[in-house]
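Student: Sharing data23.pdb below, PDB, C-alpha atoms:
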MODEL        1
ATOM      1  CA  LYS A   1     -27.139  -3.944  14.598
ATOM      2  CA  ASP A   2     -24.050  -1.828  15.249
ATOM      3  CA  PRO A   3     -21.413  -1.553  12.500
ATOM      4  CA  PRO A   4     -18.167  -3.464  13.087
ATOM      5  CA  ASP A   5     -15.529  -1.664  15.151
ATOM      6  CA  PHE A   6     -12.158  -1.733  13.409
ATOM      7  CA  SER A   7     -10.510   0.864  15.629
ATOM      8  CA  PHE A   8      -6.805   0.412  16.176
ATOM      9  CA  PRO A   9      -5.505   2.211  19.272
ATOM     10  CA  ILE A  10      -2.111   3.848  18.815
ATOM     11  CA  PRO A  11      -0.056   4.504  21.948
ATOM     12  CA  GLN A  12       1.458   7.958  22.498
ATOM     13  CA  ALA A  13       4.962   6.445  22.315
ATOM     14  CA  ALA A  14       4.248   5.233  18.764
ATOM     15  CA  ASP A  15       2.968   8.669  17.751
ATOM     16  CA  SER A  16       6.102  10.275  19.186
ATOM     17  CA  GLY A  17       8.354   7.771  17.421
ATOM     18  CA  VAL A  18       6.663   8.442  14.087
ATOM     19  CA  GLU A  19       6.851  12.192  14.600
ATOM     20  CA  ALA A  20      10.626  11.818  15.006
ATOM     21  CA  LEU A  21      10.793   9.555  11.927
ATOM     22  CA  ILE A  22       8.847  12.101   9.851
ATOM     23  CA  ARG A  23      11.211  14.894  10.936
ATOM     24  CA  ARG A  24      14.345  12.774  10.392
ATOM     25  CA  HIS A  25      13.314  11.848   6.847
ATOM     26  CA  GLN A  26      11.794  15.270   6.112
ATOM     27  CA  LEU A  27       8.430  13.853   5.121
ATOM     28  CA  SER A  28       5.735  16.445   4.691
ATOM     29  CA  ARG A  29       3.519  16.851   7.714
ATOM     30  CA  ALA A  30       0.818  18.007   5.282
ATOM     31  CA  GLY A  31       0.618  14.553   3.772
ATOM     32  CA  PHE A  32       2.608  11.890   2.008
ATOM     33  CA  VAL A  33       1.994   8.593   0.253
ATOM     34  CA  ALA A  34       2.588   5.469   2.353
ATOM     35  CA  MET A  35       3.690   2.867  -0.197
ATOM     36  CA  ALA A  36       3.921  -0.840   0.723
ATOM     37  CA  PRO A  37       5.439  -2.752  -2.234
ATOM     38  CA  GLY A  38       6.326  -5.913  -0.303
ATOM     39  CA  THR A  39       4.393  -9.173  -0.053
ATOM     40  CA  ILE A  40       5.183 -12.803   0.719
ATOM     41  CA  TRP A  41       3.269 -14.373  -2.188
ATOM     42  CA  GLU A  42       5.203 -14.272  -5.482
ATOM     43  CA  THR A  43       1.925 -13.872  -7.358
ATOM     44  CA  LYS A  44       0.908 -10.756  -5.417
ATOM     45  CA  HIS A  45       4.016  -8.772  -6.433
ATOM     46  CA  TRP A  46       2.964  -5.867  -8.608
ATOM     47  CA  GLY A  47       6.510  -4.837  -9.551
ATOM     48  CA  SER A  48       9.089  -2.360  -8.276
ATOM     49  CA  ASP A  49       9.031  -0.492 -11.594
ATOM     50  CA  LYS A  50       5.290   0.162 -11.311
ATOM     51  CA  PHE A  51       5.514   1.256  -7.682
ATOM     52  CA  ALA A  52       8.401   3.528  -8.683
ATOM     53  CA  GLU A  53       6.342   5.074 -11.490
ATOM     54  CA  VAL A  54       3.583   5.877  -8.981
ATOM     55  CA  ALA A  55       6.163   7.247  -6.528
ATOM     56  CA  ARG A  56       7.743   9.483  -9.199
ATOM     57  CA  HIS A  57       4.313  10.877 -10.088
ATOM     58  CA  PHE A  58       3.644  11.994  -6.522
ATOM     59  CA  LEU A  59       7.206  13.190  -5.917
ATOM     60  CA  GLN A  60       6.934  15.399  -9.031
ATOM     61  CA  LYS A  61       3.767  16.895  -7.517
ATOM     62  CA  GLY A  62       5.714  17.716  -4.339
ATOM     63  CA  ILE A  63       4.101  14.937  -2.301
ATOM     64  CA  GLY A  64       6.508  12.799  -0.284
ATOM     65  CA  VAL A  65       6.632   9.011  -0.518
ATOM     66  CA  ALA A  66       7.398   6.749   2.455
ATOM     67  CA  LEU A  67       8.202   3.160   1.510
ATOM     68  CA  ILE A  68       6.899   0.982   4.344
ATOM     69  CA  GLY A  69       7.183  -2.663   5.318
ATOM     70  CA  THR A  70       9.096  -5.132   7.446
ATOM     71  CA  ARG A  71      12.866  -5.671   7.507
ATOM     72  CA  ARG A  72      12.351  -8.545   5.055
ATOM     73  CA  GLU A  73      10.678  -6.090   2.652
ATOM     74  CA  ARG A  74      13.499  -3.555   2.888
ATOM     75  CA  ILE A  75      15.139  -4.936  -0.281
ATOM     76  CA  VAL A  76      12.077  -4.360  -2.496
ATOM     77  CA  CYS A  77      11.685  -0.902  -0.937
ATOM     78  CA  GLU A  78      15.354  -0.148  -1.725
ATOM     79  CA  GLU A  79      14.690  -1.069  -5.360
ATOM     80  CA  VAL A  80      11.678   1.269  -5.534
ATOM     81  CA  ALA A  81      13.717   4.045  -3.872
ATOM     82  CA  ARG A  82      16.524   3.530  -6.421
ATOM     83  CA  LEU A  83      14.028   3.869  -9.278
ATOM     84  CA  ALA A  84      12.246   6.834  -7.652
ATOM     85  CA  PRO A  85      14.895   9.150  -6.175
ATOM     86  CA  GLY A  86      13.418  11.092  -3.299
ATOM     87  CA  ALA A  87      11.252   8.258  -1.993
ATOM     88  CA  VAL A  88      12.173   7.473   1.623
ATOM     89  CA  ASN A  89      12.707   3.838   2.623
ATOM     90  CA  VAL A  90      11.539   3.308   6.221
ATOM     91  CA  ALA A  91      10.888  -0.436   5.871
ATOM     92  CA  GLY A  92      11.969  -2.233   9.023
ATOM     93  CA  GLU A  93      12.260   1.014  11.000
ATOM     94  CA  THR A  94       8.834   0.864  12.659
ATOM     95  CA  THR A  95       6.950  -1.341  15.081
ATOM     96  CA  LEU A  96       3.398  -2.330  14.142
ATOM     97  CA  THR A  97       1.915   0.511  16.179
ATOM     98  CA  GLU A  98       4.417   2.993  14.684
ATOM     99  CA  LEU A  99       3.483   1.733  11.223
ATOM    100  CA  ALA A 100      -0.162   2.375  12.106
ATOM    101  CA  ALA A 101       0.736   5.883  13.301
ATOM    102  CA  LEU A 102       2.605   6.495  10.025
ATOM    103  CA  ILE A 103      -0.310   5.270   7.886
ATOM    104  CA  ARG A 104      -2.714   7.384   9.948
ATOM    105  CA  ARG A 105      -0.679  10.492   9.029
ATOM    106  CA  SER A 106      -0.447   9.639   5.334
ATOM    107  CA  ALA A 107      -2.592  11.295   2.685
ATOM    108  CA  ILE A 108      -3.120   7.902   1.029
ATOM    109  CA  SER A 109      -1.586   4.411   0.954
ATOM    110  CA  VAL A 110      -0.929   2.087  -1.969
ATOM    111  CA  THR A 111      -0.125  -1.615  -1.639
ATOM    112  CA  ASN A 112      -0.282  -5.041  -3.271
ATOM    113  CA  ASP A 113      -0.721  -6.856   0.037
ATOM    114  CA  SER A 114      -3.807  -7.081   2.212
ATOM    115  CA  GLY A 115      -2.087  -6.401   5.569
ATOM    116  CA  PRO A 116      -1.284  -2.702   4.977
ATOM    117  CA  MET A 117      -4.637  -2.310   3.206
ATOM    118  CA  HIS A 118      -6.595  -3.579   6.210
ATOM    119  CA  LEU A 119      -4.553  -1.378   8.532
ATOM    120  CA  ALA A 120      -5.335   1.713   6.425
ATOM    121  CA  VAL A 121      -9.045   0.823   6.400
ATOM    122  CA  ALA A 122      -9.055   0.271  10.184
ATOM    123  CA  LEU A 123      -7.517   3.737  10.548
ATOM    124  CA  ASP A 124     -10.103   5.202   8.146
ATOM    125  CA  ARG A 125      -7.380   6.330   5.740
ATOM    126  CA  PRO A 126      -7.610   6.342   1.930
ATOM    127  CA  VAL A 127      -5.948   3.349   0.280
ATOM    128  CA  VAL A 128      -5.585   1.780  -3.161
ATOM    129  CA  SER A 129      -4.714  -1.903  -3.237
ATOM    130  CA  VAL A 130      -3.738  -3.855  -6.368
ATOM    131  CA  PHE A 131      -5.417  -7.281  -6.304
ATOM    132  CA  GLY A 132      -4.553 -10.201  -8.577
ATOM    133  CA  PRO A 133      -4.812 -13.834  -7.522
ATOM    134  CA  THR A 134      -6.827 -13.218  -4.353
ATOM    135  CA  ASP A 135     -10.559 -12.619  -4.145
ATOM    136  CA  SER A 136     -11.385  -9.036  -3.219
ATOM    137  CA  VAL A 137     -14.813 -10.094  -1.960
ATOM    138  CA  TRP A 138     -13.282 -12.419   0.643
ATOM    139  CA  VAL A 139     -10.022 -10.620   1.375
ATOM    140  CA  GLY A 140     -10.843  -7.071   0.356
ATOM    141  CA  PRO A 141     -11.423  -4.162   2.686
ATOM    142  CA  TYR A 142     -14.711  -4.272   4.568
ATOM    143  CA  GLY A 143     -17.044  -1.653   3.157
ATOM    144  CA  ARG A 144     -14.367  -0.121   0.906
ATOM    145  CA  ILE A 145     -14.468  -2.047  -2.350
ATOM    146  CA  ASP A 146     -13.403   1.182  -4.140
ATOM    147  CA  ALA A 147     -10.006   0.649  -2.521
ATOM    148  CA  VAL A 148      -9.387  -2.403  -4.730
ATOM    149  CA  LEU A 149      -7.970  -2.183  -8.251
ATOM    150  CA  GLN A 150      -8.042  -5.331 -10.414
ATOM    151  CA  ALA A 151      -7.343  -6.248 -14.030
ATOM    152  CA  GLY A 152     -10.663  -8.096 -14.297
ATOM    153  CA  ILE A 153      -9.467 -11.211 -16.079
ATOM    154  CA  ALA A 154     -11.310 -14.546 -16.171
ATOM    155  CA  CYS A 155      -8.685 -16.650 -14.364
ATOM    156  CA  SER A 156      -8.643 -14.425 -11.281
ATOM    157  CA  PRO A 157      -9.007 -15.159  -8.415
ATOM    158  CA  CYS A 158      -6.890 -18.317  -8.413
ATOM    159  CA  TYR A 159      -5.034 -18.175  -5.069
ATOM    160  CA  LEU A 160      -1.758 -19.293  -6.688
ATOM    161  CA  ARG A 161       1.265 -18.487  -4.562
ATOM    162  CA  GLN A 162       3.988 -19.425  -7.090
ATOM    163  CA  LEU A 163       4.476 -17.684 -10.428
ATOM    164  CA  SER A 164       5.767 -20.910 -11.981
ATOM    165  CA  ARG A 165       2.240 -22.353 -11.659
ATOM    166  CA  CYS A 166       0.557 -19.446 -13.489
ATOM    167  CA  HIS A 167      -0.302 -20.313 -17.101
ATOM    168  CA  HIS A 168      -1.453 -16.778 -17.918
ATOM    169  CA  GLY A 169       1.784 -14.793 -17.616
ATOM    170  CA  HIS A 170       0.704 -13.283 -14.309
ATOM    171  CA  ALA A 171      -1.787 -11.145 -16.267
ATOM    172  CA  CYS A 172      -3.883 -10.410 -13.182
ATOM    173  CA  MET A 173      -1.061  -8.210 -11.871
ATOM    174  CA  GLU A 174       0.754  -7.327 -15.107
ATOM    175  CA  ASN A 175      -2.411  -5.841 -16.645
ATOM    176  CA  VAL A 176      -2.858  -3.303 -13.835
ATOM    177  CA  SER A 177      -0.930  -0.271 -15.039
ATOM    178  CA  ALA A 178       0.795   2.343 -12.914
ATOM    179  CA  GLY A 179      -1.366   4.882 -14.763
ATOM    180  CA  ALA A 180      -4.537   3.159 -13.547
ATOM    181  CA  VAL A 181      -3.257   3.207  -9.965
ATOM    182  CA  ILE A 182      -2.283   6.890 -10.228
ATOM    183  CA  GLU A 183      -5.697   7.719 -11.676
ATOM    184  CA  ARG A 184      -7.491   5.885  -8.837
ATOM    185  CA  MET A 185      -5.275   7.496  -6.180
ATOM    186  CA  ASN A 186      -5.865  10.977  -7.626
ATOM    187  CA  SER A 187      -9.608  10.306  -7.726
ATOM    188  CA  VAL A 188      -9.634   9.184  -4.071
ATOM    189  CA  LEU A 189      -7.602  12.231  -3.036
ATOM    190  CA  ASP A 190      -9.935  14.537  -4.999
ATOM    191  CA  GLN A 191     -12.943  13.009  -3.240
ATOM    192  CA  GLN A 192     -11.222  13.557   0.122
ATOM    193  CA  SER A 193     -10.579  17.212  -0.737
ATOM    194  CA  ALA A 194     -14.186  17.748  -1.815
ATOM    195  CA  ALA A 195     -15.597  16.222   1.399
TER     196      ALA A 195
ENDMDL
END
Kindly transcribe the structure held in the file into structure tokens.

Tutor:
Amino acid sequence: KDPPDFSFPIPQAADSGVEALIRRHQLSRAGFVAMAPGTIWETKHWGSDKFAEVARHFLQKGIGVALIGTRRERIVCEEVARLAPGAVNVAGETTLTELAALIRRSAISVTNDSGPMHLAVALDRPVVSVFGPTDSVWVGPYGRIDAVLQAGIACSPCYLRQLSRCHHGHACMENVSAGAVIERMNSVLDQQSAA
């Protein structure tokens, strides 16, 4: 049986558009972090402060950070950019194929939503995804369970969409530290370098 084909064709126009975006925002062509802090579910939000801590870590190492998402997610990206000066907010500036081209050029992605995670996996790019109320076995990246970071608490997964219904203080997301995400990202990047 052949393995599943997750290829995602990217048109030349999208590549050209992203090349211009990278130049305009002075993102490193050698690699940058594609960070997607937005999500629709309240219970999947990891927190702007934690994303900003991760962004500051990579910015201090001289690695650029591109905050990605839809126009609707621009506000959360603006908050992360405010807390992590130097991070570039490109949310709402790309089409889906341009977003794919941007992720394909990134050194690694980090997200709390499954959409950007699946796109990174389809493009065979390194990704770390913070999971809380959703089941990583059912929603997680095919063949890349190492891409998922969870708190490992008994009430998760629960599939709650509203924080007001959570009786555990949103521990499934709150208990995943920025330090744990940074450690996992560094480990993934080290493995990439060694390969």

Student: To one decimal place in Å, what is the distance between atom CA of Ala147 of chain A and atom CA of Ser114 of chain A?

Tutor: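 We find that atom CA of Ala147 of chain A and atom CA of Ser114 of chain A lie 11.0 Å from each other.
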
Student: Here's a test: counting only C-alpha atoms, identify every protein, DNA and RNA residue with an atom at most 9 Å from (5.9, -2.5, -9.9) in the file's coordinate frame, and state them as a PyMOL selection string.

Tutor: chain A and resi 37+45-54+80+174+177-178

Student: Hey, which of A:Ala171, A:Val176, A:Leu99, A:Leu149 ends up closest to Ile10 of chain A? Count all atoms listed in the file.

Tutor: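 Ranked by minimum distance to Ile10 of chain A, first place goes to A:Leu99.
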
Student: What does the distance between atom CA of Ile182 of chain A and atom CA of His168 of chain A come to in Å, to one decimal place?

Tutor: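 Between atom CA of Ile182 of chain A and atom CA of His168 of chain A the gap is 24.9 Å.
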
Student: Quick check, in Å to one decimal: how far apart do atom CA of Asn186 of chain A and atom CA of Ile63 of chain A lie?

Tutor: 12.0 Å

Student: Please expand the PyMOL selection byres ((chain A and resi 144) around 10) into the concrete residues it hits in this file, giving the result as a list in words.

Tutor: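 In the shown coordinates, the PyMOL selection byres ((chain A and resi 144) around 10) covers Val121, Asp124, Pro126, Val127, Val128, Gly140, Pro141, Tyr142, Gly143, Ile145, Asp146, Ala147 and Val148 of chain A.
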
Student: Closest to Val188 of chain A among A:Val137, A:Ile108, A:Ala101, A:Cys166, using only C-alpha atoms?

Tutor: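 Between A:Val137, A:Ile108, A:Ala101, A:Cys166, the residue approaching Val188 of chain A most closely is A:Ile108.
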
Student: Sort by chain and increasing residue number a table of all residues of segment 89-159 of chain A within 12 Å of segment 20-29 of chain A, each with its closest pair of atoms and their distance in Å to one decimal, counting all atoms listed in the file, and write it as JSON lines.

Tutor:
{"residue": "A:Asn89", "atom": "CA", "partner": "A:His25", "partner_atom": "CA", "distance": 9.1}
{"residue": "A:Val90", "atom": "CA", "partner": "A:Leu21", "partner_atom": "CA", "distance": 8.5}
{"residue": "A:Ala91", "atom": "CA", "partner": "A:Leu21", "partner_atom": "CA", "distance": 11.7}
{"residue": "A:Glu93", "atom": "CA", "partner": "A:Leu21", "partner_atom": "CA", "distance": 8.7}
{"residue": "A:Thr94", "atom": "CA", "partner": "A:Leu21", "partner_atom": "CA", "distance": 8.9}
{"residue": "A:Thr95", "atom": "CA", "partner": "A:Leu21", "partner_atom": "CA", "distance": 12.0}
{"residue": "A:Glu98", "atom": "CA", "partner": "A:Leu21", "partner_atom": "CA", "distance": 9.6}
{"residue": "A:Leu99", "atom": "CA", "partner": "A:Leu21", "partner_atom": "CA", "distance": 10.7}
{"residue": "A:Ala101", "atom": "CA", "partner": "A:Ile22", "partner_atom": "CA", "distance": 10.8}
{"residue": "A:Leu102", "atom": "CA", "partner": "A:Ile22", "partner_atom": "CA", "distance": 8.4}
{"residue": "A:Ile103", "atom": "CA", "partner": "A:Ile22", "partner_atom": "CA", "distance": 11.6}
{"residue": "A:Arg104", "atom": "CA", "partner": "A:Arg29", "partner_atom": "CA", "distance": 11.6}
{"residue": "A:Arg105", "atom": "CA", "partner": "A:Arg29", "partner_atom": "CA", "distance": 7.7}
{"residue": "A:Ser106", "atom": "CA", "partner": "A:Arg29", "partner_atom": "CA", "distance": 8.6}
{"residue": "A:Ala107", "atom": "CA", "partner": "A:Arg29", "partner_atom": "CA", "distance": 9.7}

Student: Where does the PyMOL selection byres ((chain A and resi 43) around 12) land in this file, that is, which residues does it pick, as number ranges by chain?

Tutor: A: 38-42, 44-47, 112-113, 130-134, 156-174

Student: Could the residues in this selection be saved with C-alpha atoms as a compact mmCIF listing (two decimals), in the frame of the given file?

Tutor:
# COMPACT_ATOMS: atom_id res chain seq x y z
CA GLY A 38 6.33 -5.91 -0.30
CA THR A 39 4.39 -9.17 -0.05
CA ILE A 40 5.18 -12.80 0.72
CA TRP A 41 3.27 -14.37 -2.19
CA GLU A 42 5.20 -14.27 -5.48
CA LYS A 44 0.91 -10.76 -5.42
CA HIS A 45 4.02 -8.77 -6.43
CA TRP A 46 2.96 -5.87 -8.61
CA GLY A 47 6.51 -4.84 -9.55
CA ASN A 112 -0.28 -5.04 -3.27
CA ASP A 113 -0.72 -6.86 0.04
CA VAL A 130 -3.74 -3.86 -6.37
CA PHE A 131 -5.42 -7.28 -6.30
CA GLY A 132 -4.55 -10.20 -8.58
CA PRO A 133 -4.81 -13.83 -7.52
CA THR A 134 -6.83 -13.22 -4.35
CA SER A 156 -8.64 -14.42 -11.28
CA PRO A 157 -9.01 -15.16 -8.41
CA CYS A 158 -6.89 -18.32 -8.41
CA TYR A 159 -5.03 -18.18 -5.07
CA LEU A 160 -1.76 -19.29 -6.69
CA ARG A 161 1.26 -18.49 -4.56
CA GLN A 162 3.99 -19.42 -7.09
CA LEU A 163 4.48 -17.68 -10.43
CA SER A 164 5.77 -20.91 -11.98
CA ARG A 165 2.24 -22.35 -11.66
CA CYS A 166 0.56 -19.45 -13.49
CA HIS A 167 -0.30 -20.31 -17.10
CA HIS A 168 -1.45 -16.78 -17.92
CA GLY A 169 1.78 -14.79 -17.62
CA HIS A 170 0.70 -13.28 -14.31
CA ALA A 171 -1.79 -11.14 -16.27
CA CYS A 172 -3.88 -10.41 -13.18
CA MET A 173 -1.06 -8.21 -11.87
CA GLU A 174 0.75 -7.33 -15.11

Student: Which centre and edge lengths in Å to one decimal define the box along x, y and z that fits every listed atom of segment 84-91 of chain A plus 8 Å per side, as lines of an AutoDock Vina configuration file?

Tutor:
center_x = 12.9
center_y = 5.3
center_z = -0.7
size_x = 20.0
size_y = 27.5
size_z = 29.9

Student: Enumerate, as a list in words, the protein, DNA and RNA residues whose atoms approach (10.9, 7.5, -1.8) to within 7 Å, taking into account only C-alpha atoms and the coordinate frame of the file.

Tutor: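 Nearby residues: Ala55, Val65, Ala66, Leu67, Ala81, Ala84, Pro85, Gly86, Ala87, Val88 and Asn89 of chain A.
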
Student: For the structure shown, which residues end up in the PyMOL selection byres ((chain A and resi 70) around 6)? Put them as a ChimeraX atom specification, please?

Tutor: /A:69,71-73,91-92

Student: Out of A:Ser129, A:Ser7, A:Ser187, A:Ser109, which residue has the shortest atom-to-atom distance to Gly64 of chain A when counting all atoms listed in the file?

Tutor: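 Ranking A:Ser129, A:Ser7, A:Ser187, A:Ser109 by distance to Gly64 of chain A, first place goes to A:Ser109.
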
Student: Smallest atom-to-atom distance to Thr111 of chain A: which of A:Val18, A:Ala194, A:Leu96, A:Ile68, using all atoms listed in the file?

Tutor: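 Looking at the shortest contact to Thr111 of chain A, the residue is A:Ile68.
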